[in-house]
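Comments concern the structure below.
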2 protein chains.
Amino acid sequence: MTLPVNRTGSTKERILGAAETLFAQRGFDGASLRQLTSAAGVNLAAVNYHFGSKEKLVEQVFRRRLDTLNAQRLAALAKVAGQPDTRLEDVLDAFIRPALELSHEDEGSLFMRVLARAFAEHDDGLRKFLSENYGHVMRQFTAEFARLLPRLSKEELYWRIDLATGALTHAMSGFGIIQRKSDVSERAHREQTVQHLIRFAAAGLNAS
Amino acid sequence: MTLPVNRTGSTKERILGAAETLFAQRGFDGASLRQLTSAAGVNLAAVNYHFGSKEKLVEQVFRRRLDTLNAQRLAALAKVAGQPDTRLEDVLDAFIRPALELSHEDEGSLFMRVLARAFAEHDDGLRKFLSENYGHVMRQFTAEFARLLPRLSKEELYWRIDLATGALTHAMSGFGIIQRKSDVSERAHREQTVQHLIRFAAAGLNAS
DNA sequence: CGTATGCTCAAACGATCGTTTGAATCCTTC
DNA sequence: GAAGGATTCAAACGATCGTTTGAGCATACG
């Protein structure tokens, strides 16, 4: 079980990169600091020196990606929110496309797998951290969905948003995307994937 | 962090029950055998005596629920599969309803949370176990979906089934159901939930 | 009654965990 | 080039992990 050793970038960056990979593969508990620092090519004590603790390292792994991801999502949402001619598909595009681009930056959608693990965790600390730091993003998207789907009751709207985000998280993190990555060029494939996800989610949100 | 101690049933059953609860709450790695046997009110060594190892205990936790769950799913599918007047919603009902009934048997949808964790895990051993033992169920449902959605290409069909199962797993395991469990009676609420899930999934599978 | 057989128990095994320590080394700044 | 803060290092800390052991207890059968 020897892993390739990363030798590029600062110690902090190497730790964050190795952490993302190993958290995606083995989970937050399953990946030990010894495996992690070994894969990063740094000393074991470097994690506690630079991040304070393993738990704070987990938070930084999320921060590094989510800060820019959610900024891109909100920027894309701002272009269509409140406009009279905005379609449901435009809002979904604003939500999905930045995540898909991120998935194609880091090979294997590693961060999206980490995020899917976070959803599966019912650990209160992690959920609280994510909710406090990034809950406003989902709230803004929900408001726009509510505007475009006025016939849905509040309860129905929440149900469908919950189902849609579940579908998207699963698809972007899971076996799916990697499997289908082979025969199409990167850019064309990404566009095709975006359209797949948008079509499915829009139909679900709009149902009957 | 003291947990209630179960004092009913055989040692094996008490271990399985406590394992389901703790695996749902803290994950397979996060829940230790000492926490587990303590919550079950049995001796630490009982796990290895009755199950052989922690890993085999995990498999038995899945077996106990999935055997009946998938039997019910296949029985319900058999009633509608191949029939000329079968609707997409009927097949989804066969898939969803048994899982929902299971979710309401064990309080808090504990097993569905365990299942969601299994999907998030990219551990090869667990995935292989689930695929080998229960892969035929998903294959039968896929075949029936293919019959009812002939205009979809194979790739599009797989995409949408993947998205639909992601949505359903997320909804049945996550915060969603528990949150909405309050104001409606058990039976009425379950029926309403089934209809929510079916509407969303049918619309997504049928999209454009 | 004696003795298997199935099960439970406290105790310990070696391994690995996250974290801490204090010295060694690097790098900047005067 | 000396001083000093930042960083890296090997080593060890106590805690907890899954698993094993062997004695003790139970119930059933000859």
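Here, A, B, ... name the chains of the structure tokens in the order displayed, residue numbers run from 1 inside each chain, and ligands are numbered from 1 in the same displayed order.
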
Taking only C-alpha atoms (C1' of nucleotides) into account and nothing else, which residues of chain A lie no more than 9 Å away from chain D? Please answer as a ChimeraX atom specification. /A:42-43,45-46,49

Would you mind listing, as a JSON list (two decimals) with N, CA and C atoms, in the first residue's frame, all residues of chain B that have at least one atom within 10 Å of chain A, where only C-alpha atoms are what counts?
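Result went into part-v8.json, see below:
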```json
[["chain", "number", "residue", "atom", "x", "y", "z"],
["B", 24, "ALA", "N", -24.53, 4.04, 11.82],
["B", 24, "ALA", "CA", -25.25, 5.16, 11.22],
["B", 24, "ALA", "C", -24.75, 6.48, 11.79],
["B", 25, "GLN", "N", -24.49, 6.50, 13.10],
["B", 25, "GLN", "CA", -24.13, 7.76, 13.74],
["B", 25, "GLN", "C", -22.67, 8.13, 13.51],
["B", 26, "ARG", "N", -21.78, 7.13, 13.57],
["B", 26, "ARG", "CA", -20.34, 7.46, 13.60],
["B", 26, "ARG", "C", -19.54, 6.78, 12.51],
["B", 27, "GLY", "N", -20.19, 6.00, 11.67],
["B", 27, "GLY", "CA", -19.45, 5.37, 10.58],
["B", 27, "GLY", "C", -18.83, 4.05, 10.99],
["B", 28, "PHE", "N", -18.37, 3.31, 10.02],
["B", 28, "PHE", "CA", -17.81, 1.99, 10.29],
["B", 28, "PHE", "C", -16.50, 2.08, 11.05],
["B", 29, "ASP", "N", -15.67, 3.03, 10.69],
["B", 29, "ASP", "CA", -14.42, 3.22, 11.42],
["B", 29, "ASP", "C", -14.66, 3.94, 12.74],
["B", 30, "GLY", "N", -15.55, 4.92, 12.72],
["B", 30, "GLY", "CA", -15.76, 5.77, 13.88],
["B", 30, "GLY", "C", -16.37, 5.05, 15.07],
["B", 113, "ARG", "N", -29.26, 5.24, 6.65],
["B", 113, "ARG", "CA", -28.05, 6.04, 6.85],
["B", 113, "ARG", "C", -26.81, 5.18, 6.69],
["B", 114, "VAL", "N", -26.88, 3.97, 7.20],
["B", 114, "VAL", "CA", -25.75, 3.06, 7.03],
["B", 114, "VAL", "C", -25.51, 2.80, 5.55],
["B", 115, "LEU", "N", -26.60, 2.63, 4.82],
["B", 115, "LEU", "CA", -26.47, 2.37, 3.39],
["B", 115, "LEU", "C", -25.88, 3.58, 2.66],
["B", 116, "ALA", "N", -26.29, 4.77, 3.08],
["B", 116, "ALA", "CA", -25.73, 5.97, 2.46],
["B", 116, "ALA", "C", -24.23, 6.07, 2.71],
["B", 117, "ARG", "N", -23.83, 5.68, 3.91],
["B", 117, "ARG", "CA", -22.40, 5.66, 4.20],
["B", 117, "ARG", "C", -21.67, 4.67, 3.30],
["B", 118, "ALA", "N", -22.30, 3.54, 3.05],
["B", 118, "ALA", "CA", -21.66, 2.54, 2.21],
["B", 118, "ALA", "C", -21.44, 3.09, 0.80],
["B", 119, "PHE", "N", -22.40, 3.89, 0.31],
["B", 119, "PHE", "CA", -22.22, 4.49, -1.01],
["B", 119, "PHE", "C", -21.08, 5.49, -1.00],
["B", 120, "ALA", "N", -20.96, 6.24, 0.09],
["B", 120, "ALA", "CA", -19.89, 7.23, 0.17],
["B", 120, "ALA", "C", -18.53, 6.57, 0.29],
["B", 121, "GLU", "N", -18.49, 5.40, 0.91],
["B", 121, "GLU", "CA", -17.24, 4.67, 1.01],
["B", 121, "GLU", "C", -16.77, 4.23, -0.37],
["B", 122, "HIS", "N", -15.55, 4.39, -0.63],
["B", 122, "HIS", "CA", -15.00, 3.84, -1.86],
["B", 122, "HIS", "C", -14.12, 2.64, -1.54],
["B", 123, "ASP", "N", -14.41, 2.08, -0.37],
["B", 123, "ASP", "CA", -13.71, 0.86, 0.02],
["B", 123, "ASP", "C", -14.10, -0.29, -0.91],
["B", 124, "ASP", "N", -13.11, -0.91, -1.49],
["B", 124, "ASP", "CA", -13.38, -1.94, -2.49],
["B", 124, "ASP", "C", -14.07, -3.17, -1.91],
["B", 155, "GLU", "N", -26.68, 5.05, -22.48],
["B", 155, "GLU", "CA", -25.92, 5.97, -21.63],
["B", 155, "GLU", "C", -26.85, 6.92, -20.88],
["B", 156, "GLU", "N", -27.84, 7.46, -21.59],
["B", 156, "GLU", "CA", -28.78, 8.36, -20.93],
["B", 156, "GLU", "C", -29.55, 7.64, -19.84],
["B", 158, "TYR", "N", -28.59, 5.05, -18.02],
["B", 158, "TYR", "CA", -27.73, 4.83, -16.86],
["B", 158, "TYR", "C", -27.54, 6.12, -16.08],
["B", 159, "TRP", "N", -27.33, 7.21, -16.79],
["B", 159, "TRP", "CA", -27.21, 8.51, -16.14],
["B", 159, "TRP", "C", -28.41, 8.77, -15.24],
["B", 160, "ARG", "N", -29.58, 8.60, -15.79],
["B", 160, "ARG", "CA", -30.77, 8.99, -15.04],
["B", 160, "ARG", "C", -31.07, 8.05, -13.89],
["B", 161, "ILE", "N", -30.81, 6.77, -14.07],
["B", 161, "ILE", "CA", -30.99, 5.84, -12.96],
["B", 161, "ILE", "C", -30.02, 6.18, -11.83],
["B", 162, "ASP", "N", -28.79, 6.52, -12.23],
["B", 162, "ASP", "CA", -27.80, 6.91, -11.25],
["B", 162, "ASP", "C", -28.26, 8.14, -10.47],
["B", 163, "LEU", "N", -28.77, 9.13, -11.20],
["B", 163, "LEU", "CA", -29.25, 10.35, -10.55],
["B", 163, "LEU", "C", -30.46, 10.06, -9.66],
["B", 164, "ALA", "N", -31.36, 9.23, -10.15],
["B", 164, "ALA", "CA", -32.56, 8.94, -9.37],
["B", 164, "ALA", "C", -32.21, 8.19, -8.08],
["B", 165, "THR", "N", -31.37, 7.18, -8.18],
["B", 165, "THR", "CA", -31.01, 6.45, -6.96],
["B", 165, "THR", "C", -30.25, 7.34, -5.99],
["B", 166, "GLY", "N", -29.43, 8.24, -6.53],
["B", 166, "GLY", "CA", -28.74, 9.18, -5.65],
["B", 166, "GLY", "C", -29.73, 10.05, -4.89],
["B", 167, "ALA", "N", -30.74, 10.54, -5.60],
["B", 167, "ALA", "CA", -31.75, 11.38, -4.95],
["B", 167, "ALA", "C", -32.49, 10.60, -3.88],
["B", 168, "LEU", "N", -32.87, 9.37, -4.21],
["B", 168, "LEU", "CA", -33.67, 8.58, -3.27],
["B", 168, "LEU", "C", -32.86, 8.18, -2.05],
["B", 169, "THR", "N", -31.63, 7.76, -2.26],
["B", 169, "THR", "CA", -30.78, 7.41, -1.13],
["B", 169, "THR", "C", -30.58, 8.61, -0.21],
["B", 170, "HIS", "N", -30.30, 9.74, -0.83],
["B", 170, "HIS", "CA", -30.09, 10.95, -0.05],
["B", 170, "HIS", "C", -31.33, 11.30, 0.77],
["B", 171, "ALA", "N", -32.48, 11.23, 0.12],
["B", 171, "ALA", "CA", -33.71, 11.64, 0.80],
["B", 171, "ALA", "C", -34.08, 10.67, 1.91],
["B", 172, "MET", "N", -33.86, 9.37, 1.67],
["B", 172, "MET", "CA", -34.28, 8.39, 2.66],
["B", 172, "MET", "C", -33.31, 8.26, 3.81],
["B", 173, "SER", "N", -32.09, 8.71, 3.63],
["B", 173, "SER", "CA", -31.10, 8.58, 4.69],
["B", 173, "SER", "C", -30.88, 9.89, 5.43],
["B", 174, "GLY", "N", -31.16, 10.98, 4.77],
["B", 174, "GLY", "CA", -30.67, 12.25, 5.27],
["B", 174, "GLY", "C", -31.55, 12.91, 6.27],
["B", 175, "PHE", "N", -31.29, 14.15, 6.45],
["B", 175, "PHE", "CA", -31.99, 14.98, 7.41],
["B", 175, "PHE", "C", -33.47, 15.08, 7.04],
["B", 176, "GLY", "N", -33.72, 15.04, 5.73],
["B", 176, "GLY", "CA", -35.04, 15.32, 5.20],
["B", 176, "GLY", "C", -36.19, 14.64, 5.92],
["B", 177, "ILE", "N", -36.24, 13.34, 5.85],
["B", 177, "ILE", "CA", -37.39, 12.62, 6.35],
["B", 177, "ILE", "C", -37.63, 12.85, 7.83],
["B", 180, "ARG", "N", -39.33, 16.13, 8.60],
["B", 180, "ARG", "CA", -40.72, 16.30, 8.21],
["B", 180, "ARG", "C", -41.64, 15.28, 8.87],
["B", 193, "THR", "N", -44.81, 10.70, 1.47],
["B", 193, "THR", "CA", -43.40, 10.65, 1.12],
["B", 193, "THR", "C", -43.18, 9.81, -0.13],
["B", 196, "HIS", "N", -44.11, 11.83, -3.08],
["B", 196, "HIS", "CA", -43.10, 12.85, -3.36],
["B", 196, "HIS", "C", -41.94, 12.27, -4.16],
["B", 197, "LEU", "N", -41.41, 11.17, -3.65],
["B", 197, "LEU", "CA", -40.23, 10.58, -4.27],
["B", 197, "LEU", "C", -40.55, 10.07, -5.67],
["B", 198, "ILE", "N", -41.70, 9.42, -5.81],
["B", 198, "ILE", "CA", -42.07, 8.87, -7.11],
["B", 198, "ILE", "C", -42.24, 9.99, -8.14],
["B", 199, "ARG", "N", -42.93, 11.05, -7.76],
["B", 199, "ARG", "CA", -43.16, 12.15, -8.69],
["B", 199, "ARG", "C", -41.83, 12.72, -9.19],
["B", 200, "PHE", "N", -40.95, 12.96, -8.22],
["B", 200, "PHE", "CA", -39.66, 13.56, -8.59],
["B", 200, "PHE", "C", -38.86, 12.63, -9.50],
["B", 201, "ALA", "N", -38.75, 11.37, -9.11],
["B", 201, "ALA", "CA", -37.93, 10.44, -9.88],
["B", 201, "ALA", "C", -38.52, 10.17, -11.25],
["B", 202, "ALA", "N", -39.85, 10.03, -11.30],
["B", 202, "ALA", "CA", -40.48, 9.77, -12.60],
["B", 202, "ALA", "C", -40.26, 10.93, -13.56],
["B", 203, "ALA", "N", -40.41, 12.15, -13.04],
["B", 203, "ALA", "CA", -40.19, 13.31, -13.90],
["B", 203, "ALA", "C", -38.75, 13.36, -14.39],
["B", 204, "GLY", "N", -37.80, 13.08, -13.51],
["B", 204, "GLY", "CA", -36.39, 13.11, -13.90],
["B", 204, "GLY", "C", -36.07, 12.05, -14.94],
["B", 205, "LEU", "N", -36.57, 10.85, -14.72],
["B", 205, "LEU", "CA", -36.29, 9.77, -15.68],
["B", 205, "LEU", "C", -36.93, 10.06, -17.03],
["B", 206, "ASN", "N", -38.04, 10.73, -17.02],
["B", 206, "ASN", "CA", -38.82, 10.98, -18.23],
["B", 206, "ASN", "C", -38.43, 12.26, -18.94],
["B", 207, "ALA", "N", -37.47, 12.97, -18.42],
["B", 207, "ALA", "CA", -37.24, 14.35, -18.86],
["B", 207, "ALA", "C", -37.04, 14.49, -20.36],
["B", 208, "SER", "N", -37.55, 15.58, -20.88],
["B", 208, "SER", "CA", -37.41, 16.06, -22.27],
["B", 208, "SER", "C", -37.24, 14.93, -23.27]]
```

Distance cut-off 12 Å, counting only C-alpha atoms (C1' of nucleotides) - which residues of chain A neighbour chain C? Return them as a short mmCIF file (atom, residue, chain, number, x, y, z; two decimals) with N, CA, C and O atoms, in the first residue's frame.
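Saved the output as result-v1.cif:
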```cif
data_model
loop_
_atom_site.label_atom_id
_atom_site.label_comp_id
_atom_site.auth_asym_id
_atom_site.auth_seq_id
_atom_site.Cartn_x
_atom_site.Cartn_y
_atom_site.Cartn_z
N ASP A 29 -11.85 9.45 9.20
CA ASP A 29 -11.28 8.59 10.22
C ASP A 29 -10.31 7.58 9.61
O ASP A 29 -9.26 7.29 10.19
N GLY A 30 -10.66 7.07 8.44
CA GLY A 30 -9.87 6.02 7.83
C GLY A 30 -8.49 6.44 7.38
O GLY A 30 -7.57 5.62 7.33
N ALA A 31 -8.32 7.71 7.05
CA ALA A 31 -7.01 8.20 6.63
C ALA A 31 -6.25 8.72 7.84
O ALA A 31 -6.67 9.68 8.48
N SER A 32 -5.13 8.10 8.14
CA SER A 32 -4.35 8.52 9.31
C SER A 32 -3.35 9.61 8.93
O SER A 32 -2.99 9.76 7.77
N LEU A 33 -2.91 10.34 9.93
CA LEU A 33 -1.94 11.41 9.67
C LEU A 33 -0.61 10.83 9.20
O LEU A 33 0.14 11.50 8.48
N ARG A 34 -0.33 9.60 9.56
CA ARG A 34 0.92 9.00 9.10
C ARG A 34 0.86 8.65 7.62
O ARG A 34 1.80 8.89 6.86
N GLN A 35 -0.25 8.08 7.18
CA GLN A 35 -0.44 7.85 5.74
C GLN A 35 -0.39 9.18 4.99
O GLN A 35 0.22 9.30 3.92
N LEU A 44 5.58 13.97 10.03
CA LEU A 44 4.32 13.73 10.72
C LEU A 44 3.86 14.94 11.51
O LEU A 44 2.68 15.30 11.51
N ALA A 45 4.79 15.61 12.17
CA ALA A 45 4.42 16.72 13.05
C ALA A 45 3.98 17.96 12.28
O ALA A 45 3.47 18.92 12.87
N ALA A 46 4.17 17.96 10.96
CA ALA A 46 3.86 19.16 10.18
C ALA A 46 2.38 19.50 10.20
O ALA A 46 2.00 20.67 10.12
N VAL A 47 1.53 18.47 10.30
CA VAL A 47 0.10 18.73 10.31
C VAL A 47 -0.29 19.55 11.53
O VAL A 47 -0.96 20.59 11.42
N ASN A 48 0.15 19.11 12.71
CA ASN A 48 -0.21 19.84 13.91
C ASN A 48 0.52 21.18 13.98
O ASN A 48 -0.01 22.13 14.57
N TYR A 49 1.66 21.29 13.35
CA TYR A 49 2.36 22.58 13.34
C TYR A 49 1.62 23.60 12.48
O TYR A 49 1.41 24.74 12.87
N GLY A 52 -2.77 22.82 13.46
CA GLY A 52 -3.23 22.77 14.84
C GLY A 52 -3.76 21.41 15.26
O GLY A 52 -3.48 20.96 16.36
N SER A 53 -4.55 20.79 14.39
CA SER A 53 -5.08 19.47 14.69
C SER A 53 -5.61 18.85 13.41
O SER A 53 -5.73 19.52 12.37
N LYS A 54 -5.93 17.58 13.48
CA LYS A 54 -6.48 16.91 12.31
C LYS A 54 -7.85 17.49 11.95
O LYS A 54 -8.17 17.66 10.77
N GLU A 55 -8.63 17.82 12.97
CA GLU A 55 -9.97 18.36 12.72
C GLU A 55 -9.89 19.68 11.97
O GLU A 55 -10.67 19.94 11.05
#
```

So which bits of chain B end up alpha helix (DSSP H) when you DSSP the backbone, as a PyMOL selection string? chain B and resi 11-30+33-40+46-51+54-80+88-105+110-120+124-148+154-173+175-179+186-205

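Near Tyr134 (chain B), within 12 Å and counting only C-alpha atoms (C1' of nucleotides), sit Phe62, Arg63, Arg65, Leu66, Asp67, Thr68, Leu69, Asn70, Ala71, Arg73, Leu74, Leu126, Arg127, Lys128, Gln140 and Phe141 of chain B; same-chain residues fewer than 6 positions away were not included.
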
By how many Å are CA of Asp90 (chain A) and CA of Leu110 (chain A) apart?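 Computing the Euclidean distance for CA of Asp90 (chain A) and CA of Leu110 (chain A) yields 26.1 Å.
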